[in-house]
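Participant: One structure coming up, written as structure tokens, with questions to follow.
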There are 2 protein chains.
Amino acid sequence: MYMDFEHHRKLSKQEKTKMVLLVMDGLGGTGGQDDSRSELEAAHTPNLDNLAAGGICGLHEPVSPGTTPGSGPSHLSLFGYDPLEYSVGRGVLSALGIGFDLQPGDVAARGNFCTIDENGTVEDRRAGRISTEKNEELCEILSQIELPGAQVIVRTVKEHRFLFVLRGENLAGDIEDTDPQETGLAPHPARPMAPESAAAAKLVGEFVRQAREKLSGHHPANMVLMRGFSRRPDWPSFTTVHGVRAAAVAAYPMYKGVAKLVGMQPLDTEAGANAEVSTLAKHWNDHDFFFVHVKGTDSAGEDGDRDRKIRVIEEVDRFIPHIRELGPDVFVVTGDHSTPAALKAHSWHPVPVVLWARHCRPDRVQSFGERDCLQGALGPRFPAHQLMPVVMANAQRRAKFGA
Amino acid sequence: MYMDFEHHRKLSKQEKTKMVLLVMDGLGGTGGQDDSRSELEAAHTPNLDNLAAGGICGLHEPVSPGTTPGSGPSHLSLFGYDPLEYSVGRGVLSALGIGFDLQPGDVAARGNFCTIDENGTVEDRRAGRISTEKNEELCEILSQIELPGAQVIVRTVKEHRFLFVLRGENLAGDIEDTDPQETGLAPHPARPMAPESAAAAKLVGEFVRQAREKLSGHHPANMVLMRGFSRRPDWPSFTTVHGVRAAAVAAYPMYKGVAKLVGMQPLDTEAGANAEVSTLAKHWNDHDFFFVHVKGTDSAGEDGDRDRKIRVIEEVDRFIPHIRELGPDVFVVTGDHSTPAALKAHSWHPVPVVLWARHCRPDRVQSFGERDCLQGALGPRFPAHQLMPVVMANAQRRAKFGA
């Protein structure tokens, strides 16, 4: 399982080179109603085009052909972790998503407030999507639950969703979902799926019992369902594998969290290209590798707002020269997945990528767009987790393999 | 081994979308004597070109780079089963090829009538390629063989080839070939390769002993050789993995059989594009996924008849609008492998594919031909078994992976 990273770690060598990985979330797109060009193709991006002309282009697939990724797996893949091998539980992703500082050993789960009838059968898995304010009130109540030998932490996520964390000694997370996934059934008991999870499963069972009591007067949110029990994974860190000091310039908790998960140092920053490029410049001397995350492209795509997505891309384009002025040895611009405005959602479409570096052997792509990238040196559909070794190679941070 | 299918099954979701996979058998080709264009490139195909212009193109490799596939593996790969992992024994393929309805638990083998001399040494592995009529006569004789606790079924395939099936309780198929693969040697005994195959191997040995007795007066066909003992595999079905009602419009037993093997429902149809498109239309409302198989391209290629292969392609092209009128949400046209008329045989050349769908993000390919497809979004050499997840994604039948 860790063989690839062992391979990369052995080859890694120290150089004074600097790398920037600029991720425009959901960058990949499709045509609109009256325009067959993608958002990126339609955007006026002279600086990205210039980067493409001097660099190598292609399209990556974050998880596997035909798979629409969530933000967690898609970023892990860009960081070099094959998301089919390095999977993160939903509990851990929930914690990352709200910036909760999960400790090693914590067991996390994604919780839903739900509605049950007098027989205990689930009537509504989302409790009519209660307000976030009501959620906060209920989390306050659930936080009062006491369990023998373990601490319970309950945090509001949004609407009916909350984060559940069990903190104690020797707790393991192989526990079956209590969420039956459909209405008309009773919640499942929290069954351990491995002997070492028996203690944690028993505590979860007790939590659920008390939660039901405490919520009984709060119809429609009179019960909880939980799924994706998991612990923070203990993976080889990005910094160790590649021998780099890595930092994350990301304003949103999820992306900061995923970066922290692989050992990057999150830097305090406001959102938006302007603020993030300032943060990058401020910390330029302190790190070798910078992951810079721009959220606006994805939000616009999710909203189905093609014009706004184009404007965000054009705004980022204007900051490209500022980043180049800092003098990165390798500069990659890509997305973590596609979010076509036409679909108002993440999608399976491959994602354009441009990699500029002094010794990169440019292809003939002159413009940064999905269809131009098809003809690029990185190929039309390469696994995203293969990108990072190419970045390190272009930073001349990899030794020769074999004599 | 089954992880990928488990991955696909978990992601599959219900939609009311319909898909057509039209396979022109042996579609891929090469240039002819006075024409460097492949058969597909030389054919006049305005409708396929139109599909290419609005869709995404590429070339697939059915098994692995440089591998020439048989019909079984190449179709399995198109259906999403990596044929290096999901291998079907020759016995099972023989049964599929003649439309024999193999039951779970049956042990099948491919048989040859052969010639042995008075010492029992093989002189001719094919018994001088006896006629199919003679084969039928001999199969009649062999069918009279009785074995303790198991039924023997012997069916004519063609010339010297027959199908052997052992039907009984608790029979396993790990049995060594009795065919020594060269002349001058005696047939091998039927050795079990696993303890649980001992009973079946003993029965095969007894069958061979009796067959030799019964055939002694039928020189040159005075003995049998058997290979590829195997049982019908128990794989995750296509329908379960992808959550679709799938049907096969295929006139020939082999293709019907492979489709049935993965759980598709074969529909009664005559051969030829006209009849098959009528069958498709007739059953349009009953299924979500349709595999349509056209044999004529391969037969013409095998015969070395370039002009006929071109004509078959052109005939299929005329039916493309009829299929589009049915309103498929995803429409794929490809071959299962290449059968260049210049080679008169299956070949290793990658196979052109076009995928049209509403949200597919068209590439710049304007014409459906091998060299044009090289520039397409699916890439110039992708594993055929990766196609099906992309089809399902384009049918919007896959959920997001990870949060």
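Here's how to read the names in the structure tokens: chain A, B, ... by the order shown, residue numbers from 1 in each chain, ligand numbers from 1 in the order shown.
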Would you mind aligning chain B to chain A, a least-squares fit over all C-alpha atoms taken in order, and returning the superposed chain as a CSV table (one decimal) with C-alpha atoms, in the first residue's frame?
Facilitator:
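The result, stored in superposed.csv:
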```
chain,number,residue,atom,x,y,z
B,1,MET,CA,0.0,-0.2,-0.1
B,2,TYR,CA,2.6,2.5,0.9
B,3,MET,CA,5.2,1.3,-1.6
B,4,ASP,CA,4.7,4.2,-4.0
B,5,PHE,CA,5.4,6.7,-1.2
B,6,GLU,CA,8.4,4.7,-0.1
B,7,HIS,CA,9.6,4.9,-3.7
B,8,HIS,CA,9.0,8.6,-3.8
B,9,ARG,CA,10.6,9.2,-0.4
B,10,LYS,CA,13.8,7.3,-1.4
B,11,LEU,CA,14.1,9.3,-4.6
B,12,SER,CA,13.5,12.7,-2.9
B,13,LYS,CA,16.4,15.0,-2.7
B,14,GLN,CA,17.0,18.5,-1.4
B,15,GLU,CA,17.1,21.5,-3.7
B,16,LYS,CA,16.4,25.2,-3.2
B,17,THR,CA,13.5,25.1,-5.7
B,18,LYS,CA,10.0,26.4,-5.0
B,19,MET,CA,6.7,25.2,-6.2
B,20,VAL,CA,3.2,26.6,-6.4
B,21,LEU,CA,0.1,24.5,-6.9
B,22,LEU,CA,-2.8,26.8,-7.6
B,23,VAL,CA,-6.1,25.0,-7.4
B,24,MET,CA,-9.2,26.8,-8.8
B,25,ASP,CA,-11.9,24.6,-7.2
B,26,GLY,CA,-14.2,23.1,-9.7
B,27,LEU,CA,-12.3,24.7,-12.6
B,28,GLY,CA,-13.3,22.2,-15.3
B,29,GLY,CA,-16.5,23.0,-17.1
B,30,THR,CA,-18.7,22.4,-20.2
B,31,GLY,CA,-20.4,24.5,-22.7
B,32,GLY,CA,-23.4,26.8,-21.8
B,33,GLN,CA,-26.7,27.2,-23.5
B,34,ASP,CA,-25.6,29.5,-26.3
B,35,ASP,CA,-21.9,28.9,-26.1
B,36,SER,CA,-20.2,25.5,-26.7
B,37,ARG,CA,-17.1,26.8,-24.9
B,38,SER,CA,-16.4,25.8,-21.3
B,39,GLU,CA,-16.2,28.6,-18.7
B,40,LEU,CA,-12.4,28.4,-18.9
B,41,GLU,CA,-12.4,28.5,-22.7
B,42,ALA,CA,-14.8,31.5,-22.7
B,43,ALA,CA,-12.8,33.4,-20.1
B,44,HIS,CA,-10.2,36.0,-21.3
B,45,THR,CA,-7.0,34.5,-19.8
B,46,PRO,CA,-3.9,36.0,-21.5
B,47,ASN,CA,-1.7,35.1,-18.5
B,48,LEU,CA,-2.8,31.5,-18.2
B,49,ASP,CA,-2.5,31.1,-21.9
B,50,ASN,CA,1.1,32.4,-21.7
B,51,LEU,CA,1.8,29.9,-19.0
B,52,ALA,CA,0.3,27.1,-21.2
B,53,ALA,CA,2.5,28.2,-24.2
B,54,GLY,CA,5.6,27.8,-22.1
B,55,GLY,CA,4.6,24.8,-20.2
B,56,ILE,CA,3.0,21.4,-20.5
B,57,CYS,CA,-0.7,20.8,-20.4
B,58,GLY,CA,-3.2,17.9,-20.1
B,59,LEU,CA,-6.3,16.9,-18.2
B,60,HIS,CA,-6.4,14.8,-15.0
B,61,GLU,CA,-9.0,12.5,-13.6
B,62,PRO,CA,-9.2,13.0,-9.8
B,63,VAL,CA,-10.4,9.5,-8.8
B,64,SER,CA,-11.0,7.2,-11.8
B,65,PRO,CA,-12.7,7.5,-15.2
B,66,GLY,CA,-16.3,8.5,-14.8
B,67,THR,CA,-16.1,9.2,-11.1
B,68,THR,CA,-17.4,12.5,-9.7
B,69,PRO,CA,-15.3,13.4,-6.7
B,70,GLY,CA,-16.0,15.2,-3.5
B,71,SER,CA,-13.6,17.8,-2.3
B,72,GLY,CA,-11.7,15.6,0.1
B,73,PRO,CA,-10.7,12.8,-2.4
B,74,SER,CA,-10.0,15.3,-5.2
B,75,HIS,CA,-7.6,17.3,-3.2
B,76,LEU,CA,-5.9,14.2,-1.7
B,77,SER,CA,-5.4,13.0,-5.3
B,78,LEU,CA,-3.7,16.3,-6.3
B,79,PHE,CA,-1.4,15.9,-3.3
B,80,GLY,CA,-0.4,12.5,-4.6
B,81,TYR,CA,-2.6,10.2,-2.6
B,82,ASP,CA,-4.6,7.8,-4.7
B,83,PRO,CA,-8.1,8.4,-3.2
B,84,LEU,CA,-9.2,4.8,-3.9
B,85,GLU,CA,-6.4,3.6,-1.6
B,86,TYR,CA,-6.2,6.5,0.8
B,87,SER,CA,-9.9,6.9,1.8
B,88,VAL,CA,-11.0,9.2,4.5
B,89,GLY,CA,-14.2,8.4,6.4
B,90,ARG,CA,-17.2,10.7,6.3
B,91,GLY,CA,-16.8,11.4,10.0
B,92,VAL,CA,-13.2,12.7,9.4
B,93,LEU,CA,-14.4,14.7,6.4
B,94,SER,CA,-17.1,16.3,8.5
B,95,ALA,CA,-14.6,17.4,11.0
B,96,LEU,CA,-12.3,18.8,8.3
B,97,GLY,CA,-15.3,20.6,6.8
B,98,ILE,CA,-15.9,22.7,9.9
B,99,GLY,CA,-12.3,23.1,10.9
B,100,PHE,CA,-12.6,20.9,13.9
B,101,ASP,CA,-9.2,19.9,15.2
B,102,LEU,CA,-9.5,16.1,15.2
B,103,GLN,CA,-6.9,14.5,17.5
B,104,PRO,CA,-5.2,11.1,16.8
B,105,GLY,CA,-7.5,8.5,18.4
B,106,ASP,CA,-10.7,10.5,18.1
B,107,VAL,CA,-13.6,8.6,16.6
B,108,ALA,CA,-15.7,10.9,14.4
B,109,ALA,CA,-19.0,10.3,12.6
B,110,ARG,CA,-21.3,12.4,10.5
B,111,GLY,CA,-24.6,12.8,12.3
B,112,ASN,CA,-28.1,13.7,11.1
B,113,PHE,CA,-31.0,14.8,13.2
B,114,CYS,CA,-34.0,12.7,12.0
B,115,THR,CA,-37.7,12.1,12.7
B,116,ILE,CA,-38.9,8.8,14.2
B,117,ASP,CA,-42.5,7.8,14.9
B,118,GLU,CA,-43.8,6.3,18.2
B,119,ASN,CA,-42.5,2.8,17.2
B,120,GLY,CA,-39.0,4.1,16.6
B,121,THR,CA,-39.3,3.9,12.8
B,122,VAL,CA,-37.5,6.6,10.8
B,123,GLU,CA,-40.0,8.8,9.1
B,124,ASP,CA,-37.7,11.5,7.8
B,125,ARG,CA,-33.9,11.0,7.6
B,126,ARG,CA,-33.3,14.8,7.7
B,127,ALA,CA,-35.9,15.9,10.2
B,128,GLY,CA,-37.5,18.2,7.6
B,129,ARG,CA,-34.1,20.0,7.2
B,130,ILE,CA,-34.4,21.9,10.4
B,131,SER,CA,-32.7,25.3,10.6
B,132,THR,CA,-29.0,25.7,11.5
B,133,GLU,CA,-30.1,27.7,14.5
B,134,LYS,CA,-32.3,24.8,15.8
B,135,ASN,CA,-29.4,22.5,15.1
B,136,GLU,CA,-27.1,24.6,17.3
B,137,GLU,CA,-29.7,24.5,20.1
B,138,LEU,CA,-29.9,20.7,19.9
B,139,CYS,CA,-26.2,20.2,19.7
B,140,GLU,CA,-26.0,22.2,23.0
B,141,ILE,CA,-28.4,19.7,24.5
B,142,LEU,CA,-26.5,16.6,23.2
B,143,SER,CA,-23.2,18.0,24.5
B,144,GLN,CA,-24.5,17.5,28.0
B,145,ILE,CA,-24.5,13.7,27.5
B,146,GLU,CA,-21.9,12.0,29.7
B,147,LEU,CA,-20.3,8.7,28.9
B,148,PRO,CA,-18.1,6.5,31.1
B,149,GLY,CA,-14.5,7.1,30.3
B,150,ALA,CA,-14.9,9.1,27.1
B,151,GLN,CA,-15.7,12.6,26.2
B,152,VAL,CA,-18.6,13.4,23.7
B,153,ILE,CA,-18.2,16.3,21.4
B,154,VAL,CA,-21.1,17.4,19.2
B,155,ARG,CA,-20.8,20.3,16.7
B,156,THR,CA,-23.2,21.9,14.3
B,157,VAL,CA,-22.4,21.5,10.6
B,158,LYS,CA,-25.5,22.9,8.8
B,159,GLU,CA,-29.3,22.3,8.8
B,160,HIS,CA,-29.8,18.7,10.0
B,161,ARG,CA,-26.1,17.7,9.9
B,162,PHE,CA,-23.8,17.6,12.8
B,163,LEU,CA,-20.4,16.2,13.7
B,164,PHE,CA,-20.1,13.6,16.5
B,165,VAL,CA,-16.7,12.9,18.1
B,166,LEU,CA,-15.8,10.4,20.8
B,167,ARG,CA,-12.6,11.2,22.6
B,168,GLY,CA,-11.0,8.7,24.9
B,169,GLU,CA,-8.4,6.0,25.3
B,170,ASN,CA,-8.1,3.0,23.0
B,171,LEU,CA,-11.2,3.7,20.9
B,172,ALA,CA,-11.4,2.2,17.4
B,173,GLY,CA,-13.7,3.4,14.6
B,174,ASP,CA,-14.8,0.2,12.8
B,175,ILE,CA,-18.5,0.7,13.7
B,176,GLU,CA,-21.5,0.1,11.4
B,177,ASP,CA,-23.6,3.1,10.4
B,178,THR,CA,-26.7,3.5,12.5
B,179,ASP,CA,-28.4,5.3,9.6
B,180,PRO,CA,-30.6,2.7,7.8
B,181,GLN,CA,-30.4,4.9,4.7
B,182,GLU,CA,-34.2,4.6,4.1
B,183,THR,CA,-37.4,5.5,5.9
B,184,GLY,CA,-39.7,2.9,7.3
B,185,LEU,CA,-36.9,1.2,9.2
B,186,ALA,CA,-35.6,1.6,12.7
B,187,PRO,CA,-32.1,3.0,13.2
B,188,HIS,CA,-29.5,0.2,13.3
B,189,PRO,CA,-27.7,-0.5,16.5
B,190,ALA,CA,-24.0,0.6,16.6
B,191,ARG,CA,-22.4,-2.7,15.9
B,192,PRO,CA,-18.6,-3.1,16.1
B,193,MET,CA,-17.0,-4.4,12.8
B,194,ALA,CA,-13.8,-5.5,14.6
B,195,PRO,CA,-13.2,-6.7,18.2
B,196,GLU,CA,-11.1,-3.6,19.1
B,197,SER,CA,-14.1,-1.4,18.2
B,198,ALA,CA,-16.4,-3.1,20.8
B,199,ALA,CA,-15.8,-0.4,23.5
B,200,ALA,CA,-16.4,2.5,21.2
B,201,ALA,CA,-19.5,0.9,19.7
B,202,LYS,CA,-20.9,0.4,23.2
B,203,LEU,CA,-20.3,4.1,24.0
B,204,VAL,CA,-22.0,5.1,20.7
B,205,GLY,CA,-25.0,2.9,21.6
B,206,GLU,CA,-25.3,4.6,25.0
B,207,PHE,CA,-25.0,8.1,23.3
B,208,VAL,CA,-27.8,7.3,20.9
B,209,ARG,CA,-30.0,6.0,23.8
B,210,GLN,CA,-29.5,9.2,25.8
B,211,ALA,CA,-29.9,11.3,22.7
B,212,ARG,CA,-33.3,9.8,22.0
B,213,GLU,CA,-34.4,10.6,25.5
B,214,LYS,CA,-33.2,14.2,25.4
B,215,LEU,CA,-34.7,14.9,22.0
B,216,SER,CA,-38.1,13.3,22.6
B,217,GLY,CA,-39.8,16.7,22.9
B,218,HIS,CA,-38.1,18.2,19.9
B,219,HIS,CA,-40.2,16.7,17.0
B,220,PRO,CA,-39.4,16.7,14.1
B,221,ALA,CA,-35.7,16.4,15.3
B,222,ASN,CA,-36.4,13.7,17.8
B,223,MET,CA,-33.6,11.2,17.0
B,224,VAL,CA,-30.1,11.0,15.6
B,225,LEU,CA,-28.6,8.8,12.8
B,226,MET,CA,-24.8,8.4,12.4
B,227,ARG,CA,-22.6,7.2,9.7
B,228,GLY,CA,-19.0,7.1,8.5
B,229,PHE,CA,-17.3,6.3,11.9
B,230,SER,CA,-13.7,6.9,11.4
B,231,ARG,CA,-10.4,8.1,12.9
B,232,ARG,CA,-7.9,10.5,11.5
B,233,PRO,CA,-5.7,8.4,9.2
B,234,ASP,CA,-2.0,8.0,9.9
B,235,TRP,CA,-0.5,8.3,6.4
B,236,PRO,CA,3.0,9.1,5.3
B,237,SER,CA,3.0,12.9,5.2
B,238,PHE,CA,3.5,15.0,2.0
B,239,THR,CA,6.4,16.8,3.6
B,240,THR,CA,8.2,13.6,4.6
B,241,VAL,CA,7.6,11.8,1.3
B,242,HIS,CA,8.8,14.6,-0.8
B,243,GLY,CA,11.2,16.3,1.6
B,244,VAL,CA,9.6,19.7,1.3
B,245,ARG,CA,8.4,22.4,3.7
B,246,ALA,CA,4.8,22.7,2.5
B,247,ALA,CA,2.2,25.3,3.3
B,248,ALA,CA,-1.5,25.8,2.4
B,249,VAL,CA,-3.0,29.2,1.4
B,250,ALA,CA,-6.7,28.3,1.8
B,251,ALA,CA,-9.4,30.3,3.5
B,252,TYR,CA,-12.0,27.5,3.9
B,253,PRO,CA,-11.9,24.9,6.6
B,254,MET,CA,-12.3,21.8,4.3
B,255,TYR,CA,-9.2,22.6,2.2
B,256,LYS,CA,-7.1,23.8,5.1
B,257,GLY,CA,-8.1,20.5,6.8
B,258,VAL,CA,-7.2,18.2,4.0
B,259,ALA,CA,-3.9,20.1,3.6
B,260,LYS,CA,-3.2,19.6,7.4
B,261,LEU,CA,-4.1,16.0,7.1
B,262,VAL,CA,-1.1,15.4,4.8
B,263,GLY,CA,1.2,17.6,6.9
B,264,MET,CA,1.0,20.9,5.2
B,265,GLN,CA,1.1,24.0,7.3
B,266,PRO,CA,-2.0,26.1,6.9
B,267,LEU,CA,-1.3,29.9,6.6
B,268,ASP,CA,-3.8,32.4,7.9
B,269,THR,CA,-5.5,34.1,4.9
B,270,GLU,CA,-8.6,35.9,3.8
B,271,ALA,CA,-10.5,34.4,0.9
B,272,GLY,CA,-10.1,35.6,-2.7
B,273,ALA,CA,-7.2,35.8,-5.2
B,274,ASN,CA,-6.0,39.2,-4.0
B,275,ALA,CA,-5.7,38.2,-0.3
B,276,GLU,CA,-4.3,34.8,-1.1
B,277,VAL,CA,-1.6,36.0,-3.4
B,278,SER,CA,-0.6,38.5,-0.7
B,279,THR,CA,-0.4,35.7,1.9
B,280,LEU,CA,1.7,33.7,-0.6
B,281,ALA,CA,4.1,36.6,-1.1
B,282,LYS,CA,4.4,37.2,2.7
B,283,HIS,CA,5.4,33.6,3.4
B,284,TRP,CA,7.5,33.0,0.2
B,285,ASN,CA,10.8,32.5,2.0
B,286,ASP,CA,9.4,30.2,4.7
B,287,HIS,CA,8.3,27.2,2.6
B,288,ASP,CA,9.2,25.2,-0.5
B,289,PHE,CA,5.8,24.2,-1.7
B,290,PHE,CA,2.6,26.2,-1.7
B,291,PHE,CA,-0.9,24.9,-2.2
B,292,VAL,CA,-3.1,27.9,-3.0
B,293,HIS,CA,-6.9,27.3,-3.0
B,294,VAL,CA,-9.5,29.5,-4.8
B,295,LYS,CA,-13.0,28.7,-3.9
B,296,GLY,CA,-15.0,31.1,-6.1
B,297,THR,CA,-15.0,29.0,-9.3
B,298,ASP,CA,-16.7,26.1,-7.6
B,299,SER,CA,-19.3,28.2,-5.8
B,300,ALA,CA,-20.2,29.9,-9.0
B,301,GLY,CA,-20.4,26.5,-10.8
B,302,GLU,CA,-22.6,25.0,-8.0
B,303,ASP,CA,-24.9,28.1,-8.3
B,304,GLY,CA,-25.2,27.5,-12.1
B,305,ASP,CA,-23.8,31.0,-12.6
B,306,ARG,CA,-21.7,30.6,-15.7
B,307,ASP,CA,-20.9,34.3,-16.0
B,308,ARG,CA,-19.7,34.5,-12.4
B,309,LYS,CA,-17.5,31.5,-12.9
B,310,ILE,CA,-15.9,33.1,-15.9
B,311,ARG,CA,-15.3,36.3,-14.0
B,312,VAL,CA,-13.6,34.4,-11.1
B,313,ILE,CA,-11.3,32.7,-13.6
B,314,GLU,CA,-10.5,36.1,-15.2
B,315,GLU,CA,-9.8,37.6,-11.8
B,316,VAL,CA,-7.4,34.7,-11.0
B,317,ASP,CA,-5.7,35.2,-14.4
B,318,ARG,CA,-4.8,38.8,-13.5
B,319,PHE,CA,-2.9,37.5,-10.5
B,320,ILE,CA,-0.8,35.0,-12.4
B,321,PRO,CA,1.9,37.5,-13.2
B,322,HIS,CA,2.2,38.4,-9.5
B,323,ILE,CA,2.8,34.8,-8.6
B,324,ARG,CA,5.3,34.4,-11.4
B,325,GLU,CA,7.2,37.4,-10.2
B,326,LEU,CA,7.9,35.6,-6.9
B,327,GLY,CA,10.0,33.2,-9.0
B,328,PRO,CA,8.5,29.7,-8.6
B,329,ASP,CA,10.6,27.0,-10.2
B,330,VAL,CA,7.4,25.0,-10.9
B,331,PHE,CA,4.0,26.6,-11.2
B,332,VAL,CA,0.9,24.4,-11.7
B,333,VAL,CA,-2.6,25.7,-12.3
B,334,THR,CA,-5.5,23.3,-12.2
B,335,GLY,CA,-8.8,22.4,-10.5
B,336,ASP,CA,-9.5,19.7,-8.1
B,337,HIS,CA,-12.5,18.5,-10.2
B,338,SER,CA,-15.0,19.9,-12.7
B,339,THR,CA,-18.1,21.9,-11.6
B,340,PRO,CA,-19.8,22.9,-14.9
B,341,ALA,CA,-22.3,25.7,-14.3
B,342,ALA,CA,-24.6,23.8,-16.7
B,343,LEU,CA,-24.8,20.9,-14.2
B,344,LYS,CA,-24.8,23.1,-11.0
B,345,ALA,CA,-22.7,20.3,-9.4
B,346,HIS,CA,-19.4,18.5,-9.3
B,347,SER,CA,-18.9,16.3,-12.3
B,348,TRP,CA,-16.7,13.5,-13.7
B,349,HIS,CA,-15.2,15.5,-16.5
B,350,PRO,CA,-11.4,15.5,-16.6
B,351,VAL,CA,-9.8,18.7,-15.3
B,352,PRO,CA,-7.4,21.0,-17.3
B,353,VAL,CA,-3.9,21.4,-15.9
B,354,VAL,CA,-0.9,23.4,-16.9
B,355,LEU,CA,2.6,22.9,-15.5
B,356,TRP,CA,5.2,25.4,-16.1
B,357,ALA,CA,8.9,24.8,-15.2
B,358,ARG,CA,12.3,25.8,-16.6
B,359,HIS,CA,13.1,22.4,-18.0
B,360,CYS,CA,9.6,21.1,-18.7
B,361,ARG,CA,9.8,20.5,-22.5
B,362,PRO,CA,6.8,22.6,-23.7
B,363,ASP,CA,4.2,20.9,-25.9
B,364,ARG,CA,2.3,22.9,-28.6
B,365,VAL,CA,-0.7,24.0,-26.5
B,366,GLN,CA,-0.9,27.8,-26.7
B,367,SER,CA,-4.1,28.4,-24.8
B,368,PHE,CA,-5.3,27.1,-21.4
B,369,GLY,CA,-8.7,25.4,-22.1
B,370,GLU,CA,-10.1,21.9,-21.9
B,371,ARG,CA,-9.9,21.2,-25.6
B,372,ASP,CA,-6.5,22.7,-26.1
B,373,CYS,CA,-5.2,20.6,-23.1
B,374,LEU,CA,-6.3,17.4,-24.9
B,375,GLN,CA,-3.2,17.8,-27.2
B,376,GLY,CA,-0.8,18.4,-24.3
B,377,ALA,CA,2.2,16.5,-23.1
B,378,LEU,CA,0.5,15.3,-19.9
B,379,GLY,CA,-2.2,13.5,-21.8
B,380,PRO,CA,-5.9,13.8,-22.0
B,381,ARG,CA,-6.9,11.7,-19.0
B,382,PHE,CA,-4.1,11.0,-16.5
B,383,PRO,CA,-4.7,10.0,-12.8
B,384,ALA,CA,-4.4,13.2,-10.7
B,385,HIS,CA,-2.3,11.4,-8.1
B,386,GLN,CA,0.5,11.0,-10.7
B,387,LEU,CA,0.9,14.8,-10.9
B,388,MET,CA,3.0,15.4,-7.8
B,389,PRO,CA,6.0,13.2,-8.8
B,390,VAL,CA,6.1,15.2,-12.1
B,391,VAL,CA,6.1,18.4,-10.1
B,392,MET,CA,8.9,17.2,-7.9
B,393,ALA,CA,10.9,16.0,-10.9
B,394,ASN,CA,10.5,19.4,-12.6
B,395,ALA,CA,11.7,21.0,-9.3
B,396,GLN,CA,14.8,18.8,-9.8
B,397,ARG,CA,14.0,17.3,-6.4
B,398,ARG,CA,14.2,13.6,-7.4
B,399,ALA,CA,17.3,11.4,-7.7
B,400,LYS,CA,17.9,8.8,-10.3
B,401,PHE,CA,16.2,5.4,-9.9
B,402,GLY,CA,18.7,2.6,-10.3
B,403,ALA,CA,22.3,2.9,-11.6
```
Participant: From a backbone DSSP assignment, name each residue in segment 109-284 of chain B labelled strand (DSSP E or B), as number ranges by chain.
Facilitator: B: 109-116, 122-124, 147, 150-158, 161-168, 175, 192, 223-231, 246-249, 265-267
Participant: Please produce a file of the residues just selected, as a tab-separated table (two decimals), in the first residue's frame, where the atoms kept are C-alpha atoms.
Facilitator:
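The resulting file, result-v7.tsv, is reproduced below:
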```tsv
chain	number	residue	atom	x	y	z
B	109	ALA	CA	-14.29	-28.44	-21.82
B	110	ARG	CA	-13.36	-27.91	-25.42
B	111	GLY	CA	-12.90	-31.23	-27.17
B	112	ASN	CA	-11.05	-32.23	-30.32
B	113	PHE	CA	-11.41	-35.45	-32.23
B	114	CYS	CA	-7.85	-36.62	-32.95
B	115	THR	CA	-5.91	-39.49	-34.46
B	116	ILE	CA	-3.77	-41.84	-32.35
B	122	VAL	CA	-1.19	-38.63	-31.08
B	123	GLU	CA	-0.58	-38.48	-34.85
B	124	ASP	CA	-2.97	-35.65	-35.75
B	147	LEU	CA	-20.81	-42.29	-15.96
B	150	ALA	CA	-22.99	-37.60	-13.52
B	151	GLN	CA	-24.49	-36.82	-16.89
B	152	VAL	CA	-22.32	-36.50	-20.01
B	153	ILE	CA	-23.30	-33.98	-22.67
B	154	VAL	CA	-21.43	-33.90	-25.98
B	155	ARG	CA	-22.28	-31.32	-28.65
B	156	THR	CA	-20.84	-30.68	-32.09
B	157	VAL	CA	-19.10	-27.34	-32.58
B	158	LYS	CA	-17.53	-27.57	-36.06
B	161	ARG	CA	-14.24	-29.54	-32.42
B	162	PHE	CA	-16.89	-30.45	-29.88
B	163	LEU	CA	-18.18	-29.30	-26.50
B	164	PHE	CA	-17.96	-31.64	-23.53
B	165	VAL	CA	-20.05	-30.99	-20.43
B	166	LEU	CA	-20.15	-32.95	-17.19
B	167	ARG	CA	-23.29	-32.30	-15.16
B	168	GLY	CA	-23.59	-33.52	-11.60
B	175	ILE	CA	-8.48	-30.30	-14.26
B	192	PRO	CA	-7.05	-32.80	-10.81
B	223	MET	CA	-9.64	-40.53	-29.92
B	224	VAL	CA	-10.53	-37.30	-28.08
B	225	LEU	CA	-8.39	-34.52	-26.59
B	226	MET	CA	-9.79	-32.05	-24.09
B	227	ARG	CA	-8.72	-28.70	-22.75
B	228	GLY	CA	-9.96	-25.64	-20.90
B	229	PHE	CA	-12.00	-27.42	-18.22
B	230	SER	CA	-14.00	-24.72	-16.53
B	231	ARG	CA	-17.25	-23.77	-14.87
B	246	ALA	CA	-29.71	-4.43	-19.56
B	247	ALA	CA	-30.60	-6.24	-22.77
B	248	ALA	CA	-28.59	-7.69	-25.64
B	249	VAL	CA	-29.63	-7.36	-29.27
B	265	GLN	CA	-31.26	-10.30	-21.12
B	266	PRO	CA	-30.89	-11.54	-24.70
B	267	LEU	CA	-33.66	-10.36	-27.03
```
